[in-house]
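This is start09.tsv (TSV, C-alpha atoms).
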```
chain	number	residue	atom	x	y	z
A	1	MET	CA	-11.07	12.84	23.63
A	2	THR	CA	-7.39	12.21	22.88
A	3	MET	CA	-6.26	14.40	20.03
A	4	THR	CA	-3.82	13.58	17.23
A	5	ARG	CA	-1.87	15.52	14.66
A	6	SER	CA	-4.16	16.76	11.92
A	7	ILE	CA	-3.64	15.37	8.43
A	8	GLY	CA	-2.22	18.75	7.47
A	9	ASP	CA	0.61	18.24	9.98
A	10	LYS	CA	1.54	14.73	8.86
A	11	VAL	CA	4.46	13.48	6.79
A	12	VAL	CA	3.33	10.49	4.75
A	13	ALA	CA	5.58	8.15	2.73
A	14	ILE	CA	3.90	5.97	0.08
A	15	THR	CA	5.42	3.06	-1.84
A	16	GLY	CA	4.18	2.17	-5.31
A	17	ALA	CA	3.10	5.79	-5.75
A	18	SER	CA	3.59	6.15	-9.50
A	19	SER	CA	0.08	4.97	-10.41
A	20	GLY	CA	-3.18	3.52	-9.13
A	21	ILE	CA	-3.95	3.52	-5.42
A	22	GLY	CA	-0.56	4.97	-4.46
A	23	GLU	CA	-0.93	7.93	-6.79
A	24	ALA	CA	-4.54	8.57	-5.78
A	25	THR	CA	-3.61	8.40	-2.10
A	26	ALA	CA	-0.76	10.86	-2.54
A	27	ARG	CA	-3.06	13.31	-4.30
A	28	ARG	CA	-5.86	12.93	-1.77
A	29	LEU	CA	-3.57	13.35	1.26
A	30	ALA	CA	-1.79	16.31	-0.32
A	31	GLN	CA	-5.17	17.96	-0.88
A	32	SER	CA	-5.76	17.54	2.86
A	33	GLY	CA	-2.47	19.30	3.59
A	34	ALA	CA	-0.16	16.37	4.28
A	35	LYS	CA	3.45	16.42	3.14
A	36	VAL	CA	3.76	13.39	0.89
A	37	VAL	CA	6.87	11.44	-0.10
A	38	LEU	CA	6.29	9.33	-3.20
A	39	GLY	CA	8.39	6.26	-3.91
A	40	ALA	CA	8.52	3.99	-6.98
A	41	ARG	CA	10.87	2.81	-9.69
A	42	ARG	CA	9.27	4.91	-12.45
A	43	THR	CA	10.72	8.27	-11.49
A	44	ASP	CA	9.47	10.03	-14.61
A	45	ARG	CA	5.90	9.35	-13.51
A	46	LEU	CA	6.67	10.33	-9.93
A	47	ASP	CA	8.12	13.64	-11.10
A	48	ARG	CA	4.97	14.40	-13.09
A	49	ILE	CA	2.70	13.61	-10.12
A	50	VAL	CA	4.82	15.71	-7.75
A	51	SER	CA	4.74	18.62	-10.17
A	52	GLU	CA	0.96	18.43	-10.39
A	53	ILE	CA	0.58	18.20	-6.61
A	54	LYS	CA	2.79	21.26	-6.16
A	55	ALA	CA	0.92	23.16	-8.87
A	56	ALA	CA	-2.27	22.52	-6.90
A	57	GLY	CA	-0.67	23.97	-3.75
A	58	GLY	CA	0.48	20.72	-2.14
A	59	ASP	CA	3.84	19.68	-0.72
A	60	ALA	CA	5.46	16.58	-2.23
A	61	VAL	CA	8.80	15.04	-3.11
A	62	ALA	CA	9.74	11.99	-5.20
A	63	CYS	CA	12.29	9.28	-4.45
A	64	THR	CA	13.45	6.34	-6.52
A	65	LEU	CA	12.41	3.18	-4.67
A	66	ASP	CA	12.62	-0.57	-5.15
A	67	VAL	CA	10.79	-2.22	-2.25
A	68	THR	CA	12.54	-5.54	-2.87
A	69	GLN	CA	15.86	-3.91	-1.90
A	70	ARG	CA	16.12	-3.22	1.83
A	71	SER	CA	18.76	-0.53	1.34
A	72	SER	CA	16.46	1.30	-1.07
A	73	VAL	CA	13.60	1.32	1.44
A	74	TYR	CA	15.87	2.56	4.24
A	75	ALA	CA	17.09	5.35	1.96
A	76	PHE	CA	13.47	6.23	1.18
A	77	VAL	CA	12.60	6.63	4.85
A	78	GLU	CA	15.80	8.55	5.53
A	79	ALA	CA	14.94	10.95	2.69
A	80	ALA	CA	11.49	11.55	4.16
A	81	VAL	CA	12.92	12.35	7.59
A	82	ALA	CA	15.74	14.47	6.17
A	83	THR	CA	13.29	16.49	4.08
A	84	PHE	CA	10.46	16.99	6.56
A	85	GLY	CA	11.98	16.20	9.98
A	86	ARG	CA	9.78	13.22	10.89
A	87	LEU	CA	7.68	10.36	9.52
A	88	ASP	CA	4.07	10.07	10.66
A	89	VAL	CA	2.56	7.57	8.23
A	90	PHE	CA	4.17	4.86	6.10
A	91	ILE	CA	1.96	3.22	3.46
A	92	ASN	CA	3.10	-0.16	2.12
A	93	ASN	CA	1.18	0.04	-1.15
A	94	ALA	CA	3.51	-1.52	-3.75
A	95	GLY	CA	2.24	-4.85	-5.02
A	96	VAL	CA	2.06	-7.20	-7.97
A	97	MET	CA	-0.58	-9.75	-8.99
A	98	LEU	CA	0.55	-12.58	-11.30
A	99	VAL	CA	-2.27	-15.08	-11.68
A	100	SER	CA	-1.85	-18.67	-12.88
A	101	PRO	CA	-2.72	-22.19	-11.68
A	102	LEU	CA	-0.11	-23.84	-9.47
A	103	GLY	CA	0.20	-26.60	-12.07
A	104	GLU	CA	1.78	-24.16	-14.53
A	105	PHE	CA	4.72	-23.92	-12.12
A	106	LYS	CA	5.54	-20.28	-12.81
A	107	VAL	CA	7.98	-20.27	-9.93
A	108	ASP	CA	9.71	-17.05	-11.00
A	109	GLU	CA	6.36	-15.27	-10.71
A	110	TRP	CA	5.82	-16.82	-7.29
A	111	ASP	CA	9.19	-15.44	-6.20
A	112	GLN	CA	8.37	-12.01	-7.59
A	113	MET	CA	5.07	-11.83	-5.72
A	114	PHE	CA	6.64	-12.82	-2.42
A	115	ASP	CA	9.55	-10.40	-2.97
A	116	VAL	CA	7.23	-7.43	-3.60
A	117	ASN	CA	4.06	-8.25	-1.67
A	118	VAL	CA	5.58	-9.78	1.47
A	119	LYS	CA	9.27	-8.92	1.70
A	120	GLY	CA	8.51	-5.42	0.43
A	121	VAL	CA	6.07	-4.91	3.31
A	122	LEU	CA	8.59	-6.26	5.81
A	123	ASN	CA	11.28	-3.97	4.39
A	124	GLY	CA	8.92	-1.02	4.85
A	125	ILE	CA	8.22	-1.98	8.45
A	126	ALA	CA	11.93	-2.50	9.17
A	127	ALA	CA	12.73	0.98	7.85
A	128	ALA	CA	9.79	2.96	9.24
A	129	LEU	CA	9.10	1.37	12.62
A	130	PRO	CA	12.35	2.42	14.37
A	131	VAL	CA	11.70	6.05	13.39
A	132	MET	CA	8.17	5.86	14.75
A	133	GLN	CA	9.30	4.14	17.95
A	134	ARG	CA	11.77	6.97	18.59
A	135	GLN	CA	8.97	9.47	18.02
A	136	GLU	CA	6.58	7.37	20.12
A	137	ASP	CA	4.05	8.10	17.42
A	138	GLY	CA	3.30	6.80	13.94
A	139	HIS	CA	0.98	4.84	11.69
A	140	ILE	CA	1.80	2.00	9.28
A	141	ILE	CA	-0.79	1.14	6.65
A	142	ASN	CA	-0.45	-2.08	4.66
A	143	LEU	CA	-2.41	-2.74	1.47
A	144	SER	CA	-3.72	-6.28	1.31
A	145	SER	CA	-6.67	-7.47	-0.82
A	146	VAL	CA	-9.92	-9.38	-0.64
A	147	ALA	CA	-7.58	-12.14	-1.82
A	148	GLY	CA	-6.16	-11.98	1.70
A	149	HIS	CA	-9.53	-13.23	2.97
A	150	LYS	CA	-10.61	-15.79	0.36
A	151	VAL	CA	-8.80	-18.16	-2.00
A	152	ALA	CA	-9.79	-18.81	-5.62
A	153	PRO	CA	-8.32	-21.17	-8.23
A	154	GLY	CA	-5.45	-19.55	-10.10
A	155	PHE	CA	-4.95	-16.93	-7.38
A	156	THR	CA	-3.37	-19.33	-4.88
A	157	VAL	CA	0.11	-17.79	-4.55
A	158	TYR	CA	-1.18	-14.24	-4.77
A	159	CYS	CA	-3.70	-15.06	-2.04
A	160	GLY	CA	-0.88	-16.53	0.02
A	161	THR	CA	1.04	-13.26	-0.15
A	162	LYS	CA	-1.99	-11.23	0.85
A	163	PHE	CA	-2.93	-13.56	3.73
A	164	ALA	CA	0.66	-12.99	4.90
A	165	VAL	CA	0.16	-9.21	4.81
A	166	GLY	CA	-2.86	-9.59	7.07
A	167	ALA	CA	-0.96	-11.77	9.55
A	168	ILE	CA	2.04	-9.42	9.56
A	169	SER	CA	-0.24	-6.44	10.13
A	170	GLU	CA	-1.95	-8.05	13.11
A	171	GLY	CA	1.38	-9.00	14.62
A	172	LEU	CA	2.67	-5.48	14.08
A	173	ARG	CA	-0.38	-4.05	15.81
A	174	GLN	CA	0.37	-6.12	18.88
A	175	GLU	CA	4.13	-5.58	18.92
A	176	ALA	CA	4.70	-2.01	17.71
A	177	GLY	CA	4.23	-0.34	21.06
A	178	PRO	CA	2.17	2.53	22.48
A	179	GLY	CA	1.39	5.38	20.18
A	180	ILE	CA	1.90	3.44	16.96
A	181	ARG	CA	-1.11	2.42	14.92
A	182	CYS	CA	-1.45	-0.24	12.23
A	183	THR	CA	-4.12	-0.52	9.55
A	184	VAL	CA	-4.54	-3.16	6.84
A	185	ILE	CA	-6.75	-2.19	3.90
A	186	SER	CA	-8.14	-4.95	1.68
A	187	PRO	CA	-9.60	-3.66	-1.60
A	188	GLY	CA	-11.72	-5.63	-3.99
A	189	ALA	CA	-11.53	-4.89	-7.71
A	190	VAL	CA	-9.92	-1.51	-8.40
A	191	GLN	CA	-9.14	0.17	-11.71
A	192	THR	CA	-5.34	-0.06	-11.59
A	193	GLU	CA	-2.45	-1.54	-13.57
A	194	LEU	CA	-2.41	-4.63	-11.37
A	195	SER	CA	-4.03	-6.96	-13.89
A	196	SER	CA	-1.75	-5.70	-16.68
A	197	HIS	CA	1.15	-7.60	-15.12
A	198	ILE	CA	-0.54	-10.93	-15.90
A	199	ALA	CA	0.72	-12.70	-19.03
A	200	ALA	CA	-1.75	-13.04	-21.90
A	201	GLY	CA	-3.87	-16.14	-21.68
A	202	ALA	CA	-6.90	-17.67	-19.99
A	203	ALA	CA	-6.00	-16.36	-16.54
A	204	LYS	CA	-5.67	-12.78	-17.75
A	205	ASP	CA	-8.91	-13.04	-19.74
A	206	ALA	CA	-10.73	-14.26	-16.63
A	207	VAL	CA	-9.36	-11.44	-14.46
A	208	ASP	CA	-10.16	-8.79	-17.08
A	209	ALA	CA	-13.72	-10.12	-17.34
A	210	MET	CA	-14.14	-9.94	-13.55
A	211	TYR	CA	-12.80	-6.40	-13.39
A	212	ALA	CA	-15.04	-5.32	-16.25
A	213	THR	CA	-18.05	-6.37	-14.15
A	214	ALA	CA	-17.24	-4.09	-11.22
A	215	ALA	CA	-14.23	-2.02	-10.23
A	216	LEU	CA	-13.70	0.94	-7.93
A	217	SER	CA	-11.68	4.01	-8.75
A	218	PRO	CA	-8.32	4.20	-6.92
A	219	ASP	CA	-9.63	7.32	-5.16
A	220	ALA	CA	-12.18	5.19	-3.30
A	221	ILE	CA	-9.30	3.41	-1.60
A	222	ALA	CA	-7.49	6.71	-1.06
A	223	GLN	CA	-10.52	7.95	0.84
A	224	ALA	CA	-10.35	4.87	3.07
A	225	VAL	CA	-6.71	5.73	3.82
A	226	VAL	CA	-7.71	9.29	4.72
A	227	TYR	CA	-10.39	7.92	7.06
A	228	ALA	CA	-7.87	5.74	8.90
A	229	VAL	CA	-5.23	8.47	9.11
A	230	SER	CA	-7.63	11.16	10.30
A	231	GLN	CA	-8.80	9.39	13.47
A	232	SER	CA	-7.75	10.66	16.89
A	233	ALA	CA	-4.68	9.07	18.47
A	234	ASP	CA	-6.73	6.76	20.69
A	235	VAL	CA	-8.47	5.20	17.67
A	236	ASP	CA	-6.64	2.53	15.67
A	237	VAL	CA	-8.64	1.47	12.62
A	238	ASN	CA	-7.19	-2.01	12.29
A	239	GLU	CA	-8.84	-3.29	9.13
A	240	ILE	CA	-10.90	-2.03	6.22
A	241	LEU	CA	-12.38	-4.43	3.65
A	242	ILE	CA	-13.81	-2.53	0.69
A	243	ARG	CA	-15.45	-3.91	-2.46
A	244	PRO	CA	-17.48	-2.46	-5.32
A	245	THR	CA	-21.18	-2.82	-4.53
A	246	ALA	CA	-21.64	-4.97	-7.63
A	247	GLN	CA	-18.70	-7.29	-6.95
A	248	ASN	CA	-19.91	-10.85	-6.48
A	249	PHE	CA	-16.63	-12.65	-7.10
A	250	PHE	CA	-14.13	-13.00	-4.27
```

Just give me the structure of the file as structure tokens.
Amino acid sequence: MTMTRSIGDKVVAITGASSGIGEATARRLAQSGAKVVLGARRTDRLDRIVSEIKAAGGDAVACTLDVTQRSSVYAFVEAAVATFGRLDVFINNAGVMLVSPLGEFKVDEWDQMFDVNVKGVLNGIAAALPVMQRQEDGHIINLSSVAGHKVAPGFTVYCGTKFAVGAISEGLRQEAGPGIRCTVISPGAVQTELSSHIAAGAAKDAVDAMYATAALSPDAIAQAVVYAVSQSADVDVNEILIRPTAQNFF
């Protein structure tokens, strides 16, 4: 069987790492011995997480990151390589969900979702892929959603961004070159801050009611990341769709 670097040898950079799935993934990978580079805008929260990871015996650093700014993402990748000498895994986790019917014409929210959910992923690929191609080894993981598989009223633009993540991930898989893996992970309802970004009103009430019915812990998604990362080099886990057992919406 073809072997790969163990998780304990890997350098992993994670966007949106100040809470939710990003934070849980950083903690889970650090527990497995990976060197983790956490990026987000809320540096106070990053610093706290890094301190806790280090106190538990892990290896982590924090970097200020805005995924909508290409220069910021390049600097993030450069910091990871400068600190640890390479980049093995890049996780495009940052995302925003702003739910409303198209007829409300919240065009600024549409722009924000495309800037973070789509352009942010492309910025991550543009920064990380050249490093991995030089190494002839690497793994890019993109966080999509069950909303990247089905469309529901009020979620139209958000679904559009997540369908785009799936298409970009499949194209990346085909184009990245030998030795570079690509995984897209599509969670269902997860207990994160995602729904808190939605403005008060009927749409937010509906989302909160759905999430109250069934929601996974962020660590459940972190474990899916660990599964994908831990496979041997000849195994590319292309897609994981993961829902709470009780979820019957989406």

Near-A:Leu122 list (10 Å; all atoms listed in the file; drop same-chain fewer than 6 positions) as a list of chain:residue names: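 So, after excluding close chain neighbours, the residues are A:Val67, A:Thr68, A:Arg70, A:Asn92, A:Asp115, A:Val116, A:Ala128, A:Val165, A:Ile168, A:Ser169.
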
Just the residues within 7 Å of stretch 71-81 of chain A, please, counting all atoms listed in the file, with nothing from its chain fewer than 5 positions along; format it as a PDB file with C-alpha atoms, in the frame of the given file.
```pdb
ATOM      1  CA  ALA A  13       5.580   8.150   2.730  1.00  0.00           C
ATOM      2  CA  VAL A  37       6.870  11.440  -0.100  1.00  0.00           C
ATOM      3  CA  CYS A  63      12.290   9.280  -4.450  1.00  0.00           C
ATOM      4  CA  LEU A  65      12.410   3.180  -4.670  1.00  0.00           C
ATOM      5  CA  ASP A  66      12.620  -0.570  -5.150  1.00  0.00           C
ATOM      6  CA  ARG A  86       9.780  13.220  10.890  1.00  0.00           C
ATOM      7  CA  LEU A  87       7.680  10.360   9.520  1.00  0.00           C
ATOM      8  CA  ASN A 123      11.280  -3.970   4.390  1.00  0.00           C
ATOM      9  CA  GLY A 124       8.920  -1.020   4.850  1.00  0.00           C
ATOM     10  CA  ALA A 127      12.730   0.980   7.850  1.00  0.00           C
ATOM     11  CA  ALA A 128       9.790   2.960   9.240  1.00  0.00           C
TER      12      ALA A 128
END
```

Within 8 Å of (-14.7, -3.6, -2.0), all atoms listed in the file: residues as a ChimeraX atom specification? /A:146,186-189,216,241-245,247

Any idea what the distance is between atom CA of A:Glu52 and atom CA of A:Cys182? 29.4 Å

With only C-alpha atoms as the counted atoms, please give the residues lying no more than 12 Å from A:Asn142, apart from itself and same-chain residues fewer than 3 positions off, as a ChimeraX atom specification. /A:14-16,22,89-95,117-118,120-125,139,145,148,162-170,172-173,181-187,225,228,237-240

Leaving out A:Arg134 and any residue of its chain fewer than 4 positions from it, which residues lie within 12 Å of it when counting all atoms listed in the file, given as a ChimeraX atom specification? /A:86-88,128-130,138,176-180

Near-A:Gly20 list (9 Å; only C-alpha atoms; drop same-chain fewer than 6 positions) as an MDAnalysis selection string: chainID A and resid 190:194 217:219

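Between A:Val226 and the residues A:Val50, A:Leu29, A:Ala209, A:Ala24, the shortest atom-to-atom distance, using only C-alpha atoms, involves A:Leu29.
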
How far is it from atom CA of A:Pro153 to atom CA of A:Leu102, in Å with one decimal?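 Value for the atom CA of A:Pro153-atom CA of A:Leu102 distance: 8.7 Å.
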
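With only the atoms specified (all atoms listed in the file) counting, those residues at most 7 Å away from (9.0, 6.8, -5.5) are Thr15, Gly16, Ala17, Ser18, Leu38, Gly39, Ala40, Arg41, Thr43, Leu46, Ala62, Cys63, Thr64 and Leu65 of chain A.
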
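The interatomic distance for the pair atom CA of A:Ala147 and atom CA of A:Gln112 works out to 17.0 Å.
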
Can you work out which one of A:Asp44, A:Glu109, A:Asp9, A:Asp59 has the shortest atom-to-atom distance to A:Ala26, counting only C-alpha atoms?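 Comparing A:Asp44, A:Glu109, A:Asp9, A:Asp59 against A:Ala26, the winner is A:Asp59.
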
If you take every atom of stretch 118-124 of chain A that the file lists and fit an axis-aligned box around them with 6 Å extra on each side, what centre and edge lengths come out in Å to one decimal, as lines of an AutoDock Vina configuration file?
```
center_x = 8.4
center_y = -5.4
center_z = 3.1
size_x = 17.7
size_y = 20.8
size_z = 17.4
```

Between A:Ser51, A:Phe250, A:Asp205, A:Val96, which is the closest to A:Lys150 once you count all atoms listed in the file?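 Smallest distance to A:Lys150 is found for A:Phe250.
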
Across A:Ile49, A:Ala202, A:Val151, A:Val36, the smallest distance to A:Ser19, with only C-alpha atoms counted, is shown by A:Ile49

With N, CA, C and O atoms as the goal, would you fill in the gaps in stretch 91-110 of chain A and present it as a JSON list (two decimals), keeping the file's coordinate frame?
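And here's rebuild05.json as it stands now:
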```json
[["chain", "number", "residue", "atom", "x", "y", "z"],
["A", 91, "ILE", "N", 2.97, 4.02, 4.16],
["A", 91, "ILE", "CA", 1.96, 3.22, 3.46],
["A", 91, "ILE", "C", 2.66, 2.21, 2.55],
["A", 91, "ILE", "O", 3.29, 2.58, 1.55],
["A", 92, "ASN", "N", 2.58, 0.94, 2.93],
["A", 92, "ASN", "CA", 3.10, -0.16, 2.12],
["A", 92, "ASN", "C", 2.06, -0.49, 1.05],
["A", 92, "ASN", "O", 1.18, -1.34, 1.25],
["A", 93, "ASN", "N", 2.18, 0.18, -0.09],
["A", 93, "ASN", "CA", 1.18, 0.04, -1.15],
["A", 93, "ASN", "C", 1.69, -0.80, -2.33],
["A", 93, "ASN", "O", 0.88, -1.40, -3.03],
["A", 94, "ALA", "N", 2.98, -0.83, -2.57],
["A", 94, "ALA", "CA", 3.51, -1.52, -3.75],
["A", 94, "ALA", "C", 3.08, -2.98, -3.76],
["A", 94, "ALA", "O", 3.13, -3.65, -2.73],
["A", 95, "GLY", "N", 2.66, -3.46, -4.91],
["A", 95, "GLY", "CA", 2.24, -4.85, -5.02],
["A", 95, "GLY", "C", 2.18, -5.31, -6.46],
["A", 95, "GLY", "O", 2.15, -4.50, -7.38],
["A", 96, "VAL", "N", 2.17, -6.63, -6.63],
["A", 96, "VAL", "CA", 2.06, -7.20, -7.97],
["A", 96, "VAL", "C", 1.15, -8.42, -7.89],
["A", 96, "VAL", "O", 1.15, -9.16, -6.89],
["A", 97, "MET", "N", 0.33, -8.60, -8.93],
["A", 97, "MET", "CA", -0.58, -9.75, -8.99],
["A", 97, "MET", "C", -0.31, -10.51, -10.28],
["A", 97, "MET", "O", -0.56, -10.00, -11.38],
["A", 98, "LEU", "N", 0.22, -11.73, -10.15],
["A", 98, "LEU", "CA", 0.55, -12.58, -11.30],
["A", 98, "LEU", "C", -0.24, -13.88, -11.12],
["A", 98, "LEU", "O", 0.11, -14.71, -10.30],
["A", 99, "VAL", "N", -1.30, -14.01, -11.90],
["A", 99, "VAL", "CA", -2.27, -15.08, -11.68],
["A", 99, "VAL", "C", -2.02, -16.25, -12.63],
["A", 99, "VAL", "O", -1.89, -16.06, -13.84],
["A", 100, "SER", "N", -1.96, -17.45, -12.07],
["A", 100, "SER", "CA", -1.85, -18.67, -12.88],
["A", 100, "SER", "C", -2.07, -19.87, -11.96],
["A", 100, "SER", "O", -1.82, -19.79, -10.75],
["A", 101, "PRO", "N", -2.55, -20.99, -12.50],
["A", 101, "PRO", "CA", -2.72, -22.19, -11.68],
["A", 101, "PRO", "C", -1.36, -22.70, -11.18],
["A", 101, "PRO", "O", -0.34, -22.54, -11.86],
["A", 102, "LEU", "N", -1.36, -23.29, -10.00],
["A", 102, "LEU", "CA", -0.11, -23.84, -9.47],
["A", 102, "LEU", "C", 0.53, -24.82, -10.44],
["A", 102, "LEU", "O", 1.76, -24.89, -10.55],
["A", 103, "GLY", "N", -0.31, -25.58, -11.17],
["A", 103, "GLY", "CA", 0.20, -26.60, -12.07],
["A", 103, "GLY", "C", 0.98, -26.06, -13.25],
["A", 103, "GLY", "O", 1.64, -26.83, -13.96],
["A", 104, "GLU", "N", 0.94, -24.75, -13.47],
["A", 104, "GLU", "CA", 1.78, -24.16, -14.53],
["A", 104, "GLU", "C", 3.20, -23.88, -14.03],
["A", 104, "GLU", "O", 4.08, -23.55, -14.82],
["A", 105, "PHE", "N", 3.39, -24.00, -12.74],
["A", 105, "PHE", "CA", 4.72, -23.92, -12.12],
["A", 105, "PHE", "C", 5.50, -22.66, -12.54],
["A", 105, "PHE", "O", 6.69, -22.74, -12.87],
["A", 106, "LYS", "N", 4.85, -21.53, -12.49],
["A", 106, "LYS", "CA", 5.54, -20.28, -12.81],
["A", 106, "LYS", "C", 6.27, -19.78, -11.56],
["A", 106, "LYS", "O", 5.93, -18.76, -10.95],
["A", 107, "VAL", "N", 7.32, -20.50, -11.21],
["A", 107, "VAL", "CA", 7.98, -20.27, -9.93],
["A", 107, "VAL", "C", 8.66, -18.90, -9.87],
["A", 107, "VAL", "O", 8.80, -18.31, -8.79],
["A", 108, "ASP", "N", 9.11, -18.39, -11.00],
["A", 108, "ASP", "CA", 9.71, -17.05, -11.00],
["A", 108, "ASP", "C", 8.67, -16.00, -10.61],
["A", 108, "ASP", "O", 8.98, -15.03, -9.91],
["A", 109, "GLU", "N", 7.43, -16.18, -11.08],
["A", 109, "GLU", "CA", 6.36, -15.27, -10.71],
["A", 109, "GLU", "C", 6.02, -15.41, -9.22],
["A", 109, "GLU", "O", 5.72, -14.42, -8.55],
["A", 110, "TRP", "N", 6.06, -16.64, -8.72],
["A", 110, "TRP", "CA", 5.82, -16.82, -7.29],
["A", 110, "TRP", "C", 6.85, -16.04, -6.48],
["A", 110, "TRP", "O", 6.52, -15.34, -5.52]]
```
